[in-house]
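Structure file entry_35.tsv (TSV, C-alpha atoms) follows.
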chain	number	residue	atom	x	y	z
A	26	MET	CA	-76.93	-4.19	-17.21
A	27	ASP	CA	-78.46	-0.74	-16.51
A	28	ARG	CA	-78.03	2.41	-18.57
A	29	ARG	CA	-75.09	3.65	-16.50
A	30	GLY	CA	-73.29	0.34	-17.00
A	31	MET	CA	-73.89	0.51	-20.76
A	32	LYS	CA	-72.44	4.03	-20.86
A	33	THR	CA	-69.39	2.87	-18.94
A	34	CYS	CA	-68.74	0.04	-21.39
A	35	GLY	CA	-68.08	2.66	-24.08
A	36	PRO	CA	-64.96	4.16	-22.45
A	37	CYS	CA	-63.80	0.67	-21.49
A	38	ALA	CA	-64.09	-0.53	-25.08
A	39	VAL	CA	-62.39	2.59	-26.43
A	40	ASN	CA	-59.43	2.31	-24.06
A	41	LEU	CA	-59.14	-1.42	-24.74
A	42	ALA	CA	-59.16	-0.70	-28.48
A	43	ALA	CA	-56.44	1.92	-27.93
A	44	VAL	CA	-54.27	-0.61	-26.10
A	45	VAL	CA	-54.69	-3.21	-28.86
A	46	ILE	CA	-54.07	-0.75	-31.71
A	47	LEU	CA	-51.01	0.78	-30.07
A	48	CYS	CA	-49.58	-2.68	-29.31
A	49	ARG	CA	-49.77	-3.56	-32.99
A	50	GLY	CA	-47.22	-0.80	-33.66
A	51	LYS	CA	-48.79	0.46	-36.88
A	52	CYS	CA	-49.46	4.04	-35.80
A	53	GLY	CA	-46.18	5.49	-37.07
A	54	LEU	CA	-44.83	6.03	-33.56
A	55	SER	CA	-41.44	4.99	-32.23
A	56	PRO	CA	-41.35	1.83	-30.04
A	57	CYS	CA	-40.39	4.02	-27.08
A	58	THR	CA	-43.39	6.35	-27.49
A	59	THR	CA	-45.67	3.39	-28.11
A	60	ARG	CA	-44.66	1.81	-24.79
A	61	TYR	CA	-45.57	4.95	-22.88
A	62	LEU	CA	-48.90	5.38	-24.66
A	63	VAL	CA	-49.84	1.73	-24.11
A	64	ALA	CA	-49.05	2.10	-20.39
A	65	MET	CA	-51.16	5.26	-20.17
A	66	ALA	CA	-54.11	3.68	-21.97
A	67	ALA	CA	-53.88	0.55	-19.78
A	68	ALA	CA	-53.78	2.69	-16.62
A	69	ASP	CA	-56.85	4.61	-17.81
A	70	LEU	CA	-58.66	1.33	-18.50
A	71	LEU	CA	-57.81	0.01	-15.02
A	72	LEU	CA	-59.12	3.23	-13.47
A	73	ILE	CA	-62.42	2.98	-15.35
A	74	VAL	CA	-62.91	-0.65	-14.32
A	75	SER	CA	-61.98	-0.16	-10.65
A	76	GLU	CA	-63.57	3.23	-9.96
A	77	VAL	CA	-66.65	3.25	-12.19
A	78	LEU	CA	-67.58	-0.42	-12.63
A	79	LEU	CA	-66.41	-2.03	-9.38
A	80	ARG	CA	-66.99	0.94	-7.09
A	81	GLN	CA	-69.60	3.44	-8.27
A	82	ILE	CA	-72.00	1.17	-10.15
A	83	SER	CA	-71.85	-1.57	-7.51
A	84	TYR	CA	-72.42	1.01	-4.75
A	85	HIS	CA	-75.53	2.50	-6.37
A	86	HIS	CA	-77.07	-0.56	-8.02
A	87	PHE	CA	-75.73	-3.68	-6.28
A	88	PRO	CA	-75.54	-2.72	-2.58
A	89	GLU	CA	-75.63	-6.33	-1.36
A	90	SER	CA	-73.04	-7.84	-3.68
A	91	PHE	CA	-69.79	-9.41	-2.48
A	92	LEU	CA	-67.99	-6.24	-3.59
A	93	HIS	CA	-69.33	-4.60	-0.43
A	94	ILE	CA	-67.61	-7.02	1.92
A	95	THR	CA	-64.99	-4.87	3.64
A	96	PRO	CA	-61.82	-6.77	2.58
A	97	VAL	CA	-63.02	-6.76	-1.04
A	98	CYS	CA	-63.94	-3.07	-1.17
A	99	ARG	CA	-60.62	-2.30	0.50
A	100	ILE	CA	-58.86	-3.97	-2.42
A	101	VAL	CA	-61.07	-2.08	-4.89
A	102	PHE	CA	-60.22	1.19	-3.13
A	103	LEU	CA	-56.52	0.30	-3.32
A	104	LEU	CA	-56.88	-0.41	-7.05
A	105	VAL	CA	-58.56	2.96	-7.56
A	106	ARG	CA	-55.79	4.88	-5.80
A	107	THR	CA	-53.04	2.93	-7.55
A	108	SER	CA	-54.54	3.20	-11.03
A	109	THR	CA	-55.06	6.94	-10.49
A	110	ASP	CA	-51.37	7.33	-9.66
A	111	TYR	CA	-50.45	5.23	-12.69
A	112	SER	CA	-52.54	7.42	-14.99
A	113	VAL	CA	-50.91	10.58	-13.62
A	114	TRP	CA	-47.29	9.49	-13.35
A	115	PHE	CA	-47.20	7.64	-16.66
A	116	THR	CA	-48.18	11.01	-18.17
A	117	VAL	CA	-45.26	12.60	-16.31
A	118	VAL	CA	-42.64	10.08	-17.46
A	119	PHE	CA	-43.96	10.33	-21.02
A	120	THR	CA	-43.64	14.12	-20.85
A	121	PHE	CA	-40.06	13.76	-19.61
A	122	ASP	CA	-39.26	11.29	-22.39
A	123	ARG	CA	-40.53	13.75	-25.02
A	124	PHE	CA	-38.58	16.56	-23.34
A	125	VAL	CA	-35.39	14.51	-23.65
A	126	ALA	CA	-36.18	13.52	-27.24
A	127	ILE	CA	-36.77	17.12	-28.32
A	128	CYS	CA	-34.42	19.18	-26.16
A	129	LEU	CA	-31.52	16.94	-25.12
A	130	GLN	CA	-30.06	15.63	-28.34
A	131	LYS	CA	-26.99	13.99	-26.79
A	132	LEU	CA	-29.03	12.06	-24.22
A	133	ARG	CA	-31.80	11.10	-26.66
A	134	THR	CA	-30.07	8.10	-28.24
A	135	LYS	CA	-29.40	6.52	-24.84
A	136	TYR	CA	-32.60	7.41	-22.98
A	137	CYS	CA	-35.35	7.34	-25.62
A	138	THR	CA	-35.26	3.60	-26.24
A	139	GLU	CA	-37.82	0.84	-25.82
A	140	LYS	CA	-35.70	-0.83	-23.13
A	141	THR	CA	-35.45	2.36	-21.09
A	142	ALA	CA	-39.21	2.92	-21.40
A	143	VAL	CA	-39.89	-0.57	-20.02
A	144	VAL	CA	-37.50	-0.02	-17.10
A	145	VAL	CA	-38.94	3.43	-16.28
A	146	LEU	CA	-42.55	2.26	-16.47
A	147	GLY	CA	-41.86	-0.90	-14.47
A	148	THR	CA	-39.95	0.93	-11.74
A	149	THR	CA	-42.58	3.66	-11.53
A	150	GLY	CA	-45.38	1.09	-11.33
A	151	ILE	CA	-43.72	-0.89	-8.53
A	152	LEU	CA	-42.90	2.20	-6.45
A	153	LEU	CA	-46.43	3.59	-6.79
A	154	ALA	CA	-47.97	0.23	-5.83
A	155	LEU	CA	-45.81	0.11	-2.69
A	156	LYS	CA	-46.65	3.73	-1.87
A	157	ASN	CA	-50.38	2.99	-1.91
A	158	ILE	CA	-50.33	-0.04	0.41
A	159	PRO	CA	-51.10	2.10	3.52
A	160	HIS	CA	-54.42	3.10	1.92
A	161	TYR	CA	-55.64	-0.43	2.61
A	162	PHE	CA	-55.46	0.31	6.35
A	163	THR	CA	-57.31	3.63	6.18
A	164	ILE	CA	-60.60	1.78	5.71
A	165	GLU	CA	-62.78	0.24	8.41
A	166	PRO	CA	-66.13	-1.64	8.22
A	167	TRP	CA	-69.32	0.39	8.29
A	168	GLU	CA	-71.19	-2.41	10.02
A	169	ILE	CA	-70.81	-6.09	10.95
A	170	ILE	CA	-73.63	-8.50	10.11
A	171	ASN	CA	-73.37	-12.15	11.17
A	172	ASN	CA	-69.65	-11.67	11.88
A	173	ILE	CA	-69.09	-10.40	8.32
A	174	PRO	CA	-67.75	-6.83	7.93
A	175	TRP	CA	-69.72	-4.86	5.34
A	176	ASP	CA	-68.97	-1.67	3.38
A	177	CYS	CA	-65.99	0.63	3.66
A	178	HIS	CA	-65.72	3.71	5.81
A	179	THR	CA	-62.72	6.03	6.08
A	180	LYS	CA	-61.29	6.05	9.58
A	181	ALA	CA	-61.75	9.39	11.33
A	182	SER	CA	-58.31	9.02	12.94
A	183	ILE	CA	-56.49	9.55	9.64
A	184	PHE	CA	-57.52	13.23	9.71
A	185	ILE	CA	-56.07	13.90	13.17
A	186	GLU	CA	-53.25	11.43	13.88
A	187	PRO	CA	-49.86	12.96	12.93
A	188	GLY	CA	-48.66	9.85	11.09
A	189	TRP	CA	-51.73	9.63	8.87
A	190	VAL	CA	-51.83	13.40	8.33
A	191	GLY	CA	-48.19	13.27	7.20
A	192	TYR	CA	-48.95	10.37	4.85
A	193	ASP	CA	-51.92	12.27	3.42
A	194	TRP	CA	-49.66	15.24	2.73
A	195	PHE	CA	-47.06	12.98	1.12
A	196	ASP	CA	-49.73	11.26	-0.98
A	197	SER	CA	-51.28	14.55	-2.14
A	198	VAL	CA	-47.94	16.16	-2.92
A	199	LEU	CA	-46.96	13.12	-4.96
A	200	THR	CA	-50.30	13.21	-6.80
A	201	PRO	CA	-51.06	15.75	-8.17
A	202	LEU	CA	-48.84	18.61	-6.89
A	203	LEU	CA	-45.50	17.29	-8.18
A	204	PRO	CA	-46.95	16.13	-11.53
A	205	PHE	CA	-48.45	19.61	-12.04
A	206	ALA	CA	-45.08	21.23	-11.37
A	207	PHE	CA	-43.11	18.74	-13.51
A	208	ILE	CA	-45.44	18.88	-16.50
A	209	LEU	CA	-45.67	22.68	-16.50
A	210	LEU	CA	-41.89	23.05	-16.15
A	211	LEU	CA	-41.07	20.49	-18.85
A	212	ASN	CA	-43.60	21.98	-21.27
A	213	VAL	CA	-42.27	25.50	-20.74
A	214	LEU	CA	-38.70	24.32	-21.35
A	215	THR	CA	-39.81	22.36	-24.42
A	216	VAL	CA	-41.65	25.34	-25.92
A	217	LYS	CA	-38.67	27.60	-25.27
A	218	TYR	CA	-36.31	25.15	-26.94
A	219	ILE	CA	-38.58	24.65	-29.96
A	220	LEU	CA	-39.00	28.38	-30.54
A	221	VAL	CA	-35.25	28.99	-30.41
A	222	ALA	CA	-34.40	25.92	-32.53
A	223	SER	CA	-37.06	26.75	-35.14
A	224	ARG	CA	-35.79	30.31	-35.47
A	225	ILE	CA	-32.21	29.14	-35.96
A	226	ARG	CA	-33.25	26.39	-38.38
A	227	ARG	CA	-35.24	28.81	-40.54
A	228	ARG	CA	-32.26	31.13	-40.75
A	229	LEU	CA	-29.93	28.29	-41.77
A	230	ARG	CA	-32.29	26.90	-44.41
A	231	GLY	CA	-33.43	30.29	-45.64
A	232	ALA	CA	-36.78	31.77	-44.71
A	233	ASN	CA	-37.94	31.94	-48.34
A	234	SER	CA	-36.48	28.69	-49.65
A	235	ALA	CA	-38.77	26.02	-51.04
A	236	ASP	CA	-37.59	23.35	-48.63
A	237	ALA	CA	-38.15	25.58	-45.57
A	238	ALA	CA	-41.89	25.05	-45.86
A	239	HIS	CA	-41.46	21.26	-46.09
A	240	ASP	CA	-38.91	20.56	-43.39
A	241	PRO	CA	-39.44	16.86	-42.42
A	242	GLU	CA	-37.66	17.24	-39.07
A	243	MET	CA	-39.82	20.22	-38.06
A	244	GLU	CA	-42.94	18.39	-39.22
A	245	SER	CA	-42.06	15.34	-37.13
A	246	ARG	CA	-41.29	17.56	-34.16
A	247	ARG	CA	-44.59	19.42	-34.63
A	248	LYS	CA	-46.63	16.20	-34.49
A	249	SER	CA	-44.77	15.03	-31.40
A	250	VAL	CA	-45.35	18.36	-29.67
A	251	ILE	CA	-49.06	18.41	-30.52
A	252	LEU	CA	-49.49	14.96	-28.95
A	253	LEU	CA	-47.42	15.94	-25.91
A	254	PHE	CA	-49.25	19.22	-25.31
A	255	GLY	CA	-52.64	17.62	-25.88
A	256	LEU	CA	-52.05	14.98	-23.21
A	257	SER	CA	-50.45	17.50	-20.82
A	258	ALA	CA	-53.23	20.07	-21.23
A	259	ASN	CA	-55.84	17.36	-20.71
A	260	PHE	CA	-54.20	16.36	-17.43
A	261	ILE	CA	-53.81	19.92	-16.15
A	262	LEU	CA	-57.35	21.04	-16.98
A	263	LEU	CA	-59.13	17.98	-15.60
A	264	TRP	CA	-57.06	17.82	-12.41
A	265	THR	CA	-57.32	21.52	-11.53
A	266	VAL	CA	-60.51	21.14	-9.47
A	267	ALA	CA	-59.06	18.21	-7.49
A	268	LEU	CA	-55.93	20.25	-6.81
A	269	ALA	CA	-58.03	23.21	-5.69
A	270	HIS	CA	-59.97	20.91	-3.36
A	271	PHE	CA	-56.76	19.61	-1.78
A	272	LEU	CA	-55.50	23.15	-1.20
A	273	TYR	CA	-58.89	24.15	0.22
A	274	TYR	CA	-59.24	21.45	2.84
A	275	THR	CA	-55.54	21.71	3.70
A	276	ILE	CA	-55.59	25.46	4.25
A	277	ALA	CA	-59.03	25.48	5.89
A	278	GLY	CA	-58.10	22.48	8.02
A	279	LYS	CA	-61.56	21.01	7.50
A	280	ASN	CA	-62.48	17.35	7.70
A	281	PRO	CA	-64.09	16.23	4.38
A	282	THR	CA	-66.66	14.23	6.39
A	283	ASP	CA	-67.99	17.55	7.78
A	284	TYR	CA	-68.52	19.25	4.40
A	285	ASN	CA	-71.70	21.16	3.65
A	286	ALA	CA	-73.61	20.59	0.39
A	287	SER	CA	-71.56	23.05	-1.68
A	288	GLU	CA	-68.22	21.74	-0.44
A	289	TYR	CA	-69.33	18.15	-0.97
A	290	ASN	CA	-70.44	18.89	-4.56
A	291	PHE	CA	-67.14	20.66	-5.28
A	292	HIS	CA	-65.29	17.61	-3.97
A	293	LYS	CA	-67.35	15.26	-6.13
A	294	VAL	CA	-66.89	17.39	-9.26
A	295	GLY	CA	-63.14	17.01	-8.77
A	296	PHE	CA	-63.48	13.22	-8.66
A	297	MET	CA	-65.76	13.26	-11.71
A	298	LEU	CA	-63.20	15.22	-13.73
A	299	ILE	CA	-60.42	12.86	-12.64
A	300	ASN	CA	-62.46	9.94	-13.94
A	301	LEU	CA	-63.18	11.87	-17.14
A	302	SER	CA	-59.46	12.38	-17.74
A	303	CYS	CA	-59.05	8.64	-18.26
A	304	CYS	CA	-61.64	8.69	-21.06
A	305	THR	CA	-60.18	11.53	-23.12
A	306	ASN	CA	-56.64	10.36	-23.89
A	307	THR	CA	-57.83	8.05	-26.66
A	308	PHE	CA	-59.74	10.96	-28.20
A	309	ILE	CA	-56.51	12.98	-28.13
A	310	TYR	CA	-54.66	10.17	-29.91
A	311	GLY	CA	-57.31	10.20	-32.62
A	312	VAL	CA	-57.26	13.98	-33.06
A	313	THR	CA	-53.46	14.31	-33.22
A	314	GLN	CA	-52.38	11.08	-34.94
A	315	SER	CA	-53.71	10.37	-38.44
A	316	LYS	CA	-52.41	6.78	-38.53
A	317	PHE	CA	-54.12	6.04	-35.22
A	318	ARG	CA	-57.40	7.24	-36.77
A	319	GLU	CA	-56.80	4.94	-39.73
A	320	GLN	CA	-56.30	1.96	-37.41
A	321	ILE	CA	-59.49	2.83	-35.50
A	322	LEU	CA	-61.48	2.96	-38.74
A	323	PHE	CA	-59.92	-0.33	-39.85
A	324	ALA	CA	-60.88	-1.94	-36.52
A	325	VAL	CA	-64.46	-0.72	-36.94
A	326	ARG	CA	-64.75	-1.84	-40.57
A	327	TYR	CA	-62.98	-5.18	-40.19
A	328	PRO	CA	-65.83	-7.17	-38.53
A	329	VAL	CA	-68.46	-5.48	-40.72
A	330	LEU	CA	-66.76	-5.96	-44.09
A	331	PRO	CA	-67.27	-9.77	-44.33
A	332	VAL	CA	-70.98	-9.30	-43.60
A	333	ILE	CA	-71.28	-6.70	-46.38
A	334	LEU	CA	-69.44	-8.97	-48.84
A	335	LEU	CA	-71.68	-11.90	-47.88
A	336	ILE	CA	-74.83	-9.82	-48.46
A	337	ARG	CA	-73.56	-8.72	-51.86
A	338	ARG	CA	-72.79	-12.31	-52.80
A	339	PHE	CA	-76.32	-13.44	-51.94
A	340	ARG	CA	-77.81	-10.58	-53.94
A	341	LYS	CA	-75.93	-11.72	-57.00
How would this structure read if it were set down as structure tokens?
Amino acid sequence: MDRRGMKTCGPCAVNLAAVVILCRGKCGLSPCTTRYLVAMAAADLLLIVSEVLLRQISYHHFPESFLHITPVCRIVFLLVRTSTDYSVWFTVVFTFDRFVAICLQKLRTKYCTEKTAVVVLGTTGILLALKNIPHYFTIEPWEIINNIPWDCHTKASIFIEPGWVGYDWFDSVLTPLLPFAFILLLNVLTVKYILVASRIRRRLRGANSADAAHDPEMESRRKSVILLFGLSANFILLWTVALAHFLYYTIAGKNPTDYNASEYNFHKVGFMLINLSCCTNTFIYGVTQSKFREQILFAVRYPVLPVILLIRRFRK
């Protein structure tokens, strides 16, 4: 494996470790929150595998592999689009779940449950998979050798035919325009609620009382908000360039296949940041959740500890 492949294995291993650690349920998170975080980490892992390993590395370093047969690279392209939507919309449904848990006390006991999380994630996953099926038919072979179609090329007709133009608008509005709007709105409402609730709670408990500084409910809420805002800010920052690119080519009415060097580089930077977003969520877990950091350290030490004990035994 080349250097790029070795570098890609790092994010894959980290996301896989995040999935395993979260599934063990020893991070001090509720089962509902754990379900959402596992789904987000799994979606990020799928995006890394499909986009970076199966698509980018094979394109640059294995140009004659079976992955370049048109039906196969169509499936890879479909996986990329679907996993991207999963990564985005699982962040949205997690944000909504935290909004309900923090701001809607009466609905929290019914909605913020493990069963509801499974239903929401499953329904969202099925709908997004169905939505992306038309992407399979936007690809055509680049060339045909010995009656075998090779490589994938985006059909020029999708940029001019009304049906495909409408689908492209629908696809782009669904990801990332609506997620941007939902996440910003939910975070603003959450912040507003927390500020008001904290002010009232301090007044009730007494601003100078000893227990005001050690309020367990406010501490739990603070940790939840830090995790929520970290994931939301990560999504917004790393998707901004891709959103700007969509607005640019929509307003300018320009075909991406006709881009000049600057426009092409801007487009690629957007894709690079999207791929980066799937590598940073695990880092956010580690920064915001102390028990997650403990589980990571345990996972690192666990295979090494027997070796150290064995070496010490031989020295004796």
Using only C-alpha atoms, which of the listed residues (A:Ala64, A:Val221, A:Val216, A:Ile208) sits closest to A:Val145?
->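 With only C-alpha atoms as the atom set, the closest residue is A:Ala64.
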Do you have the atom CA of A:Pro174-atom CA of A:Thr95 distance handy?
-> 5.5 Å
Option closest in space to A:Arg60, from A:Ala142, A:Val74, A:Ala286, A:Leu322 [counting only C-alpha atoms] = A:Ala142
Would you list the contacts of A:Val101 as number ranges by chain, taking every protein, DNA or RNA residue within 10 Å and counting only C-alpha atoms, but skipping same-chain residues closer than 4 positions in sequence?
-> A: 74-76, 79-80, 92-93, 95-97, 105-107, 161
Near A:Pro56, within 12 Å and counting all atoms listed in the file, which residues show up once chain neighbours fewer than 4 positions away are dropped, as a count of residues only?
-> 17
Spatial neighbours of A:Tyr218, max dist 12 Å, only C-alpha atoms, sep filter under 4 positions, as a PyMOL selection string | chain A and resi 124-130+211-214+222-226+246+250
Please measure the separation of atom CA of A:Leu41 and atom CA of A:Leu146, giving the value in Å to one decimal.
-> 18.9 Å
A:Lys316 proximity check over A:Thr116, A:Ser249, A:Ile46, A:Val198, using all atoms listed in the file: winner is A:Ile46
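Comparing the minimum interatomic distances between A:Asn172 and each of A:Met297, A:Ile94, A:Ile251, A:Leu203, counting only C-alpha atoms, we find that A:Ile94 sits nearest.
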Extract stretch 39-58 of chain A from the preceding block and save N, CA and C atoms as a PDB file, in the first residue's frame.
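So the final result, stored in out.pdb, reads:
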ATOM      1  N   VAL A  39      -9.586   5.023  13.267  1.00  0.00           N
ATOM      2  CA  VAL A  39     -10.122   5.876  14.327  1.00  0.00           C
ATOM      3  C   VAL A  39     -11.639   5.810  14.357  1.00  0.00           C
ATOM      4  N   ASN A  40     -12.276   5.902  13.187  1.00  0.00           N
ATOM      5  CA  ASN A  40     -13.734   5.830  13.141  1.00  0.00           C
ATOM      6  C   ASN A  40     -14.242   4.448  13.543  1.00  0.00           C
ATOM      7  N   LEU A  41     -13.509   3.402  13.140  1.00  0.00           N
ATOM      8  CA  LEU A  41     -13.899   2.056  13.546  1.00  0.00           C
ATOM      9  C   LEU A  41     -13.779   1.901  15.056  1.00  0.00           C
ATOM     10  N   ALA A  42     -12.701   2.457  15.626  1.00  0.00           N
ATOM     11  CA  ALA A  42     -12.543   2.412  17.081  1.00  0.00           C
ATOM     12  C   ALA A  42     -13.670   3.169  17.773  1.00  0.00           C
ATOM     13  N   ALA A  43     -14.085   4.298  17.180  1.00  0.00           N
ATOM     14  CA  ALA A  43     -15.183   5.076  17.767  1.00  0.00           C
ATOM     15  C   ALA A  43     -16.475   4.269  17.770  1.00  0.00           C
ATOM     16  N   VAL A  44     -16.746   3.552  16.681  1.00  0.00           N
ATOM     17  CA  VAL A  44     -17.953   2.729  16.605  1.00  0.00           C
ATOM     18  C   VAL A  44     -17.932   1.650  17.683  1.00  0.00           C
ATOM     19  N   VAL A  45     -16.784   0.968  17.822  1.00  0.00           N
ATOM     20  CA  VAL A  45     -16.670  -0.121  18.796  1.00  0.00           C
ATOM     21  C   VAL A  45     -16.813   0.402  20.220  1.00  0.00           C
ATOM     22  N   ILE A  46     -16.129   1.507  20.520  1.00  0.00           N
ATOM     23  CA  ILE A  46     -16.165   2.060  21.885  1.00  0.00           C
ATOM     24  C   ILE A  46     -17.563   2.551  22.237  1.00  0.00           C
ATOM     25  N   LEU A  47     -18.212   3.238  21.306  1.00  0.00           N
ATOM     26  CA  LEU A  47     -19.560   3.737  21.575  1.00  0.00           C
ATOM     27  C   LEU A  47     -20.553   2.585  21.743  1.00  0.00           C
ATOM     28  N   CYS A  48     -20.379   1.515  20.955  1.00  0.00           N
ATOM     29  CA  CYS A  48     -21.284   0.368  21.068  1.00  0.00           C
ATOM     30  C   CYS A  48     -21.165  -0.334  22.419  1.00  0.00           C
ATOM     31  N   ARG A  49     -20.010  -0.225  23.041  1.00  0.00           N
ATOM     32  CA  ARG A  49     -19.835  -0.856  24.352  1.00  0.00           C
ATOM     33  C   ARG A  49     -20.645  -0.155  25.430  1.00  0.00           C
ATOM     34  N   GLY A  50     -21.028   1.115  25.190  1.00  0.00           N
ATOM     35  CA  GLY A  50     -21.889   1.829  26.121  1.00  0.00           C
ATOM     36  C   GLY A  50     -21.252   2.203  27.437  1.00  0.00           C
ATOM     37  N   LYS A  51     -19.940   2.435  27.445  1.00  0.00           N
ATOM     38  CA  LYS A  51     -19.251   2.779  28.677  1.00  0.00           C
ATOM     39  C   LYS A  51     -18.707   4.204  28.665  1.00  0.00           C
ATOM     40  N   CYS A  52     -19.348   5.067  27.871  1.00  0.00           N
ATOM     41  CA  CYS A  52     -18.881   6.447  27.755  1.00  0.00           C
ATOM     42  C   CYS A  52     -19.719   7.425  28.573  1.00  0.00           C
ATOM     43  N   GLY A  53     -20.631   6.898  29.400  1.00  0.00           N
ATOM     44  CA  GLY A  53     -21.450   7.770  30.222  1.00  0.00           C
ATOM     45  C   GLY A  53     -22.543   8.492  29.471  1.00  0.00           C
ATOM     46  N   LEU A  54     -22.882   8.026  28.286  1.00  0.00           N
ATOM     47  CA  LEU A  54     -23.929   8.641  27.476  1.00  0.00           C
ATOM     48  C   LEU A  54     -25.203   7.804  27.566  1.00  0.00           C
ATOM     49  N   SER A  55     -26.334   8.453  27.328  1.00  0.00           N
ATOM     50  CA  SER A  55     -27.604   7.730  27.339  1.00  0.00           C
ATOM     51  C   SER A  55     -27.667   6.791  26.136  1.00  0.00           C
ATOM     52  N   PRO A  56     -28.446   5.706  26.208  1.00  0.00           N
ATOM     53  CA  PRO A  56     -28.572   4.801  25.055  1.00  0.00           C
ATOM     54  C   PRO A  56     -29.052   5.519  23.797  1.00  0.00           C
ATOM     55  N   CYS A  57     -29.920   6.500  23.966  1.00  0.00           N
ATOM     56  CA  CYS A  57     -30.432   7.258  22.826  1.00  0.00           C
ATOM     57  C   CYS A  57     -29.300   8.021  22.137  1.00  0.00           C
ATOM     58  N   THR A  58     -28.530   8.775  22.922  1.00  0.00           N
ATOM     59  CA  THR A  58     -27.405   9.539  22.361  1.00  0.00           C
ATOM     60  C   THR A  58     -26.377   8.612  21.733  1.00  0.00           C
TER      61      THR A  58
END
